[in-house]
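For reference, run.tsv is printed below; it contains TSV, C-alpha atoms.
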```
chain	number	residue	atom	x	y	z
A	8	GLN	CA	0.54	51.47	-32.78
A	9	GLN	CA	4.15	51.12	-33.86
A	10	PRO	CA	5.70	47.68	-33.25
A	11	VAL	CA	8.78	47.54	-31.04
A	12	GLN	CA	11.96	46.08	-32.46
A	13	SER	CA	14.89	44.73	-30.49
A	14	PRO	CA	17.78	45.07	-30.37
A	15	GLN	CA	18.14	48.59	-31.76
A	16	ALA	CA	21.57	47.74	-33.11
A	17	VAL	CA	23.81	44.71	-33.35
A	18	ILE	CA	27.37	44.18	-34.55
A	19	LEU	CA	28.49	40.81	-35.86
A	20	ARG	CA	31.53	39.22	-37.36
A	21	GLU	CA	31.08	37.44	-40.65
A	22	GLY	CA	29.68	33.97	-40.08
A	23	GLU	CA	27.94	34.74	-36.79
A	24	ASP	CA	24.20	34.47	-36.22
A	25	ALA	CA	21.68	37.10	-35.17
A	26	VAL	CA	18.05	37.28	-34.11
A	27	ILE	CA	15.91	40.40	-34.54
A	28	ASN	CA	12.62	40.62	-32.69
A	29	CYS	CA	9.41	42.50	-33.43
A	30	SER	CA	6.67	42.85	-30.85
A	31	SER	CA	3.21	44.39	-31.11
A	32	SER	CA	0.67	45.42	-28.49
A	33	LYS	CA	-2.25	44.51	-30.73
A	34	ALA	CA	-3.43	41.36	-32.47
A	35	LEU	CA	-1.60	40.76	-35.72
A	36	TYR	CA	-2.69	39.39	-39.06
A	37	SER	CA	0.71	39.59	-40.71
A	38	VAL	CA	4.33	40.58	-40.27
A	39	HIS	CA	6.51	41.84	-43.12
A	40	TRP	CA	10.31	42.06	-42.89
A	41	TYR	CA	12.42	44.41	-45.03
A	42	ARG	CA	16.09	45.34	-45.18
A	43	GLN	CA	17.26	48.80	-46.15
A	44	LYS	CA	20.81	49.82	-46.96
A	45	HIS	CA	21.84	53.42	-46.47
A	46	GLY	CA	20.44	55.67	-49.17
A	47	GLU	CA	18.49	52.86	-50.81
A	48	ALA	CA	14.91	51.59	-50.85
A	49	PRO	CA	13.66	48.85	-48.51
A	50	VAL	CA	13.95	45.36	-49.98
A	51	PHE	CA	11.55	42.54	-49.19
A	52	LEU	CA	12.79	39.65	-47.02
A	53	MET	CA	9.85	37.78	-45.53
A	54	ILE	CA	6.09	37.89	-45.13
A	55	LEU	CA	4.36	35.82	-42.46
A	56	LEU	CA	0.60	35.55	-42.36
A	57	LYS	CA	-1.76	34.47	-39.63
A	58	GLY	CA	-2.37	30.76	-40.02
A	59	GLY	CA	1.19	29.90	-40.90
A	60	GLU	CA	1.68	30.93	-44.53
A	61	GLN	CA	5.14	32.31	-45.23
A	62	LYS	CA	7.08	33.60	-48.17
A	63	GLY	CA	10.63	34.80	-48.28
A	64	HIS	CA	14.31	34.38	-49.05
A	65	GLU	CA	15.72	30.88	-48.79
A	66	LYS	CA	18.68	31.96	-46.65
A	67	ILE	CA	16.58	33.85	-44.11
A	68	SER	CA	14.03	32.39	-41.76
A	69	ALA	CA	11.48	33.87	-39.43
A	70	SER	CA	8.84	32.90	-36.94
A	71	PHE	CA	5.46	34.40	-36.09
A	72	ASN	CA	3.85	33.76	-32.71
A	73	GLU	CA	0.27	34.93	-33.20
A	74	LYS	CA	-0.69	34.52	-29.53
A	75	LYS	CA	2.24	36.58	-28.29
A	76	GLN	CA	1.97	39.04	-31.19
A	77	GLN	CA	5.66	38.61	-31.86
A	78	SER	CA	7.90	37.78	-34.78
A	79	SER	CA	11.59	37.00	-34.96
A	80	LEU	CA	13.95	37.14	-37.93
A	81	TYR	CA	16.84	34.67	-37.90
A	82	LEU	CA	20.03	35.50	-39.77
A	83	THR	CA	22.47	32.59	-39.82
A	84	ALA	CA	26.06	32.51	-41.02
A	85	SER	CA	25.91	36.24	-41.66
A	86	GLN	CA	27.63	37.74	-44.69
A	87	LEU	CA	28.94	41.26	-45.23
A	88	SER	CA	25.98	41.89	-47.54
A	89	TYR	CA	23.58	41.39	-44.62
A	90	SER	CA	24.54	44.78	-43.19
A	91	GLY	CA	21.72	47.30	-43.16
A	92	THR	CA	18.66	48.35	-41.21
A	93	TYR	CA	15.97	45.73	-40.73
A	94	PHE	CA	12.35	46.80	-40.41
A	95	CYS	CA	9.30	44.85	-39.43
A	96	GLY	CA	5.92	46.02	-40.63
A	97	THR	CA	2.75	44.73	-39.02
A	98	ALA	CA	-0.88	44.64	-40.06
A	99	GLY	CA	-3.81	44.05	-37.75
A	100	GLY	CA	-6.06	42.79	-40.52
A	101	SER	CA	-6.00	41.48	-44.04
A	102	ASN	CA	-5.89	45.03	-45.35
A	103	TYR	CA	-2.52	46.44	-46.32
A	104	LYS	CA	-2.24	49.09	-43.62
A	105	LEU	CA	1.30	48.34	-42.43
A	106	THR	CA	2.88	50.02	-39.41
A	107	PHE	CA	6.67	49.81	-39.35
A	108	GLY	CA	9.00	49.59	-36.38
A	109	LYS	CA	11.92	51.96	-35.93
A	110	GLY	CA	14.37	49.43	-37.29
A	111	THR	CA	17.38	47.40	-36.16
A	112	LEU	CA	20.79	48.42	-37.48
A	113	LEU	CA	22.85	45.34	-38.29
A	114	THR	CA	26.57	45.69	-39.01
A	115	VAL	CA	28.57	42.70	-40.21
A	116	ASN	CA	32.33	43.09	-40.05
A	117	PRO	CA	34.98	40.91	-41.71
B	10	ASP	CA	10.97	44.34	-65.42
B	11	ALA	CA	11.98	47.96	-64.79
B	12	GLY	CA	10.71	47.98	-61.22
B	13	VAL	CA	8.84	50.84	-59.60
B	14	ILE	CA	9.85	54.15	-61.14
B	15	GLN	CA	9.75	57.41	-59.23
B	16	SER	CA	10.49	60.95	-60.32
B	17	PRO	CA	12.10	63.22	-59.53
B	18	ARG	CA	14.81	61.46	-57.50
B	19	HIS	CA	15.71	64.69	-55.73
B	20	GLU	CA	13.68	67.85	-55.21
B	21	VAL	CA	14.70	71.05	-53.50
B	22	THR	CA	12.03	73.71	-53.18
B	23	GLU	CA	11.14	76.71	-51.12
B	24	MET	CA	8.47	76.84	-48.47
B	25	GLY	CA	5.08	77.58	-49.94
B	26	GLN	CA	5.76	76.02	-53.33
B	27	GLU	CA	3.76	73.15	-54.78
B	28	VAL	CA	5.55	69.82	-55.04
B	29	THR	CA	4.43	66.90	-57.21
B	30	LEU	CA	5.96	63.46	-56.86
B	31	ARG	CA	5.34	60.82	-59.50
B	32	CYS	CA	5.24	57.05	-59.50
B	33	LYS	CA	4.91	54.32	-62.10
B	34	PRO	CA	4.15	50.95	-60.50
B	35	ILE	CA	5.27	47.59	-61.82
B	36	SER	CA	3.03	46.50	-64.66
B	37	GLY	CA	0.29	44.16	-63.50
B	38	HIS	CA	0.44	45.17	-59.86
B	39	ASP	CA	-2.93	46.27	-58.54
B	40	TYR	CA	-1.82	47.83	-55.25
B	41	LEU	CA	0.10	51.08	-54.95
B	42	PHE	CA	1.44	52.60	-51.74
B	43	TRP	CA	2.93	55.97	-50.79
B	44	TYR	CA	5.29	56.05	-47.78
B	45	ARG	CA	7.27	58.80	-46.10
B	46	GLN	CA	10.51	58.16	-44.22
B	47	THR	CA	12.17	60.50	-41.72
B	48	MET	CA	14.68	59.93	-38.95
B	49	MET	CA	12.19	61.02	-36.32
B	50	ARG	CA	9.09	59.12	-37.42
B	51	GLY	CA	10.57	56.26	-39.43
B	52	LEU	CA	8.69	54.71	-42.34
B	53	GLU	CA	5.02	55.77	-42.43
B	54	LEU	CA	2.24	54.68	-44.78
B	55	LEU	CA	0.50	57.75	-46.17
B	56	ILE	CA	-2.09	56.25	-48.53
B	57	TYR	CA	-2.67	53.16	-50.62
B	58	PHE	CA	-4.71	52.34	-53.71
B	59	ASN	CA	-6.24	49.15	-55.02
B	60	ASN	CA	-7.15	49.07	-58.71
B	61	ASN	CA	-6.69	52.87	-58.84
B	62	VAL	CA	-9.14	53.47	-55.96
B	63	PRO	CA	-7.87	55.00	-52.69
B	64	ILE	CA	-8.48	52.49	-49.91
B	65	ASP	CA	-6.95	54.11	-46.85
B	66	ASP	CA	-5.66	57.68	-46.61
B	67	SER	CA	-5.63	57.94	-42.83
B	68	GLY	CA	-1.86	58.40	-42.89
B	69	MET	CA	-2.00	61.58	-44.98
B	70	PRO	CA	-0.75	64.22	-42.53
B	71	GLU	CA	-3.07	67.05	-43.47
B	72	ASP	CA	-5.06	68.67	-46.24
B	73	ARG	CA	-1.91	70.00	-47.85
B	74	PHE	CA	-1.25	66.44	-49.06
B	75	SER	CA	-3.23	64.82	-51.85
B	76	ALA	CA	-2.72	61.71	-53.97
B	77	LYS	CA	-4.27	60.53	-57.19
B	78	MET	CA	-4.09	57.46	-59.37
B	79	PRO	CA	-5.74	58.30	-62.70
B	80	ASN	CA	-4.79	54.95	-64.26
B	81	ALA	CA	-3.06	51.69	-63.46
B	82	SER	CA	0.36	52.93	-64.51
B	83	PHE	CA	0.62	56.32	-62.85
B	84	SER	CA	0.17	57.99	-59.48
B	85	THR	CA	1.01	61.39	-58.03
B	86	LEU	CA	1.52	62.72	-54.53
B	87	LYS	CA	1.11	66.47	-54.27
B	88	ILE	CA	2.02	68.81	-51.44
B	89	GLN	CA	0.57	72.30	-51.62
B	90	PRO	CA	1.83	74.45	-50.00
B	91	SER	CA	5.03	72.72	-48.91
B	92	GLU	CA	6.62	73.32	-45.50
B	93	PRO	CA	10.13	72.56	-44.14
B	94	ARG	CA	8.71	69.75	-41.98
B	95	ASP	CA	7.68	67.94	-45.17
B	96	SER	CA	11.36	67.27	-45.90
B	97	ALA	CA	11.73	63.51	-46.10
B	98	VAL	CA	12.26	60.60	-48.46
B	99	TYR	CA	9.01	59.62	-50.16
B	100	PHE	CA	8.74	56.05	-51.39
B	101	CYS	CA	6.23	54.56	-53.74
B	102	ALA	CA	5.69	50.79	-53.65
B	103	SER	CA	3.52	48.39	-55.58
B	104	SER	CA	2.26	44.89	-54.96
B	105	PRO	CA	0.47	42.16	-56.90
B	106	THR	CA	-2.42	40.18	-55.46
B	107	ASN	CA	-1.53	36.66	-56.65
B	108	GLY	CA	-4.61	35.32	-54.92
B	109	ARG	CA	-3.22	36.04	-51.46
B	110	PRO	CA	-4.60	38.58	-48.95
B	111	GLN	CA	-1.16	40.21	-48.74
B	112	GLU	CA	1.91	40.03	-50.93
B	113	THR	CA	5.41	41.41	-51.34
B	114	GLN	CA	5.68	45.17	-51.69
B	115	TYR	CA	8.27	46.37	-54.18
B	116	PHE	CA	9.67	49.77	-53.34
B	117	GLY	CA	10.81	52.40	-55.78
B	118	PRO	CA	14.12	54.26	-55.29
B	119	GLY	CA	12.41	57.15	-53.50
B	120	THR	CA	12.28	60.92	-53.91
B	121	ARG	CA	14.42	62.96	-51.53
B	122	LEU	CA	12.51	66.15	-50.83
B	123	LEU	CA	14.08	69.17	-49.15
B	124	VAL	CA	11.88	72.15	-48.40
B	125	LEU	CA	13.83	75.27	-47.49
```

Target encoding structure tokens, full file:
Amino acid sequence: QQPVQSPQAVILREGEDAVINCSSSKALYSVHWYRQKHGEAPVFLMILLKGGEQKGHEKISASFNEKKQQSSLYLTASQLSYSGTYFCGTAGGSNYKLTFGKGTLLTVNP
Amino acid sequence: DAGVIQSPRHEVTEMGQEVTLRCKPISGHDYLFWYRQTMMRGLELLIYFNNNVPIDDSGMPEDRFSAKMPNASFSTLKIQPSEPRDSAVYFCASSPTNGRPQETQYFGPGTRLLVL
């Protein structure tokens, strides 16, 4: 089943913070976060695995609550370049079958 | 590294025609993925390969779609016959193993397919 992302859209001014949430109705093994700019390919941001292992960009942080089947992406001191659509992809097992949410459109204005 | 390479970047065809999309993964990556992205359905995994072997094709919409990976550096996604509802952006992605159960997926630039 497709994970649910919230909010659907958010508008920030440069320097403000944002949190994007991803929630699943099934048990999760991993959560993957990607950012996509209009007309471009998704770009990797973070991967969080069951058990606590994480890998990602140094300026972006995320959390993974395995019991609640939820993940949150934290964007601090936002920059204009952070604008884009953020997707979470979830996997119920160690296989690579990712299901992506519908995305959160983030707009950062000067 | 050149990244994941896809061709063609744009394809316009008429309903009923055969369409072949091509992908060259990043050298050394042993996973390859085909995704489809539309406004209505978002980003969907169609099929993925590990070491050239199809692992999960449950996302392939119907028998009109087929994918092959004859060697570690090349994969194709074929639609025959194509229909207007196949219009979408098709992404190929690849991933290394690096000893972890899951790793970063690197996406190619995509193929924008329009079926008239």

Could you tell me which residues of chain B sit within 7 Å of chain A when counting all atoms listed in the file, and give me the result as a compact mmCIF listing (two decimals) with C-alpha atoms, keeping the file's coordinate frame?
```
# COMPACT_ATOMS: atom_id res chain seq x y z
CA GLY B 51 10.57 56.26 -39.43
CA LEU B 52 8.69 54.71 -42.34
CA GLU B 53 5.02 55.77 -42.43
CA LEU B 54 2.24 54.68 -44.78
CA PRO B 110 -4.60 38.58 -48.95
CA GLN B 111 -1.16 40.21 -48.74
CA THR B 113 5.41 41.41 -51.34
CA GLN B 114 5.68 45.17 -51.69
CA PHE B 116 9.67 49.77 -53.34
CA GLY B 117 10.81 52.40 -55.78
CA PRO B 118 14.12 54.26 -55.29
CA GLY B 119 12.41 57.15 -53.50
```

Which protein, DNA or RNA residues are at most 12 Å from (-8.3, 51.0, -49.6) in the file's coordinates when you count all atoms listed in the file, listed as a list of chain:residue names?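 Using all atoms listed in the file, the matching residues come out as A:Ser101, A:Asn102, A:Tyr103, A:Lys104, B:Asp39, B:Tyr40, B:Leu41, B:Phe42, B:Leu55, B:Ile56, B:Tyr57, B:Phe58, B:Asn59, B:Asn60, B:Asn61, B:Val62, B:Pro63, B:Ile64, B:Asp65, B:Asp66, B:Ser67, B:Gly68.
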
For the atom pair CA of Met24 (chain B) and CA of Ser91 (chain B), what is the interatomic distance in Å to one decimal place?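 CA of Ser91 (chain B) lies 5.4 Å from CA of Met24 (chain B).
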
So which one's closest to Thr83 (chain A), A:Arg42, A:Lys33, A:Arg20, A:Lys57? Using all atoms listed in the file, please.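 With all atoms listed in the file as the atom set, the closest residue is A:Arg20.
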
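CA of Arg18 (chain B) is found 13.4 Å from CA of Ser96 (chain B).
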
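Nearest-residue note for Ala11 (chain B): choosing from B:Ile35, B:Val124, B:Leu30, B:Ala76, the minimum distance belongs to B:Ile35, counting all atoms listed in the file.
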
So how far away is CA of Val38 (chain A) from CA of Lys77 (chain B), in Å? 27.5 Å

Given only C-alpha atoms as the basis, pick out the residue of B:Leu125, B:Leu86, B:Ala97, B:Ala102 nearest to His19 (chain B).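 Of B:Leu125, B:Leu86, B:Ala97, B:Ala102, the one nearest His19 (chain B) is B:Ala97, counting only C-alpha atoms.
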
Selection near Tyr81 (chain A), 6 Å with only C-alpha atoms, sequence-local residues under 3 positions removed, as a list in words: Val26, Ser68 and Ala69 of chain A

Which is closest to Ser75 (chain B) among B:Arg45, B:His38, B:Lys87, B:Arg121, if we use only C-alpha atoms? B:Lys87

Determine the nearest neighbour of Gln43 (chain A) from the options A:Leu87, A:Cys29, A:Leu80, A:Leu112, counting all atoms listed in the file.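 The closest residue to Gln43 (chain A) is A:Leu112.
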
Using all atoms listed in the file: which of B:Ser104, B:Gln89, B:Ser84, B:Ser16 has the shortest distance to Asp72 (chain B): B:Gln89

Once N, CA and C atoms are restored for region 56-74 of chain B, what would the output be as an mmCIF file, keeping the file's coordinate frame?
```
data_model
loop_
_atom_site.group_PDB
_atom_site.id
_atom_site.type_symbol
_atom_site.label_atom_id
_atom_site.label_comp_id
_atom_site.auth_asym_id
_atom_site.auth_seq_id
_atom_site.Cartn_x
_atom_site.Cartn_y
_atom_site.Cartn_z
ATOM 1 N N ILE B 56 -0.858 56.615 -47.832
ATOM 2 C CA ILE B 56 -2.090 56.250 -48.530
ATOM 3 C C ILE B 56 -1.805 55.029 -49.387
ATOM 4 N N TYR B 57 -2.853 54.202 -49.637
ATOM 5 C CA TYR B 57 -2.670 53.160 -50.620
ATOM 6 C C TYR B 57 -3.915 52.996 -51.485
ATOM 7 N N PHE B 58 -3.682 52.523 -52.688
ATOM 8 C CA PHE B 58 -4.710 52.340 -53.710
ATOM 9 C C PHE B 58 -4.817 50.864 -54.076
ATOM 10 N N ASN B 59 -6.025 50.453 -54.444
ATOM 11 C CA ASN B 59 -6.240 49.150 -55.020
ATOM 12 C C ASN B 59 -7.041 49.345 -56.301
ATOM 13 N N ASN B 60 -6.496 48.867 -57.418
ATOM 14 C CA ASN B 60 -7.150 49.070 -58.710
ATOM 15 C C ASN B 60 -7.530 50.531 -58.918
ATOM 16 N N ASN B 61 -6.599 51.423 -58.617
ATOM 17 C CA ASN B 61 -6.690 52.870 -58.840
ATOM 18 C C ASN B 61 -7.617 53.575 -57.855
ATOM 19 N N VAL B 62 -8.209 52.875 -56.915
ATOM 20 C CA VAL B 62 -9.140 53.470 -55.960
ATOM 21 C C VAL B 62 -8.443 53.636 -54.613
ATOM 22 N N PRO B 63 -8.490 54.841 -54.014
ATOM 23 C CA PRO B 63 -7.870 55.000 -52.690
ATOM 24 C C PRO B 63 -8.619 54.181 -51.650
ATOM 25 N N ILE B 64 -7.885 53.369 -50.904
ATOM 26 C CA ILE B 64 -8.480 52.490 -49.910
ATOM 27 C C ILE B 64 -8.347 53.064 -48.502
ATOM 28 N N ASP B 65 -7.194 53.595 -48.186
ATOM 29 C CA ASP B 65 -6.950 54.110 -46.850
ATOM 30 C C ASP B 65 -6.015 55.307 -46.946
ATOM 31 N N ASP B 66 -6.497 56.472 -46.583
ATOM 32 C CA ASP B 66 -5.660 57.680 -46.610
ATOM 33 C C ASP B 66 -5.495 58.264 -45.212
ATOM 34 N N SER B 67 -5.692 57.439 -44.207
ATOM 35 C CA SER B 67 -5.630 57.940 -42.830
ATOM 36 C C SER B 67 -4.224 58.380 -42.434
ATOM 37 N N GLY B 68 -3.230 57.984 -43.181
ATOM 38 C CA GLY B 68 -1.860 58.400 -42.890
ATOM 39 C C GLY B 68 -1.465 59.717 -43.510
ATOM 40 N N MET B 69 -2.306 60.279 -44.355
ATOM 41 C CA MET B 69 -2.000 61.580 -44.980
ATOM 42 C C MET B 69 -1.988 62.626 -43.868
ATOM 43 N N PRO B 70 -0.900 63.343 -43.698
ATOM 44 C CA PRO B 70 -0.750 64.220 -42.530
ATOM 45 C C PRO B 70 -1.773 65.345 -42.445
ATOM 46 N N GLU B 71 -2.114 65.954 -43.520
ATOM 47 C CA GLU B 71 -3.070 67.050 -43.470
ATOM 48 C C GLU B 71 -3.536 67.381 -44.880
ATOM 49 N N ASP B 72 -4.436 68.354 -44.948
ATOM 50 C CA ASP B 72 -5.060 68.670 -46.240
ATOM 51 C C ASP B 72 -4.079 69.171 -47.285
ATOM 52 N N ARG B 73 -2.900 69.525 -46.874
ATOM 53 C CA ARG B 73 -1.910 70.000 -47.850
ATOM 54 C C ARG B 73 -1.441 68.851 -48.747
ATOM 55 N N PHE B 74 -1.676 67.626 -48.308
ATOM 56 C CA PHE B 74 -1.250 66.440 -49.060
ATOM 57 C C PHE B 74 -2.444 65.863 -49.814
#
```
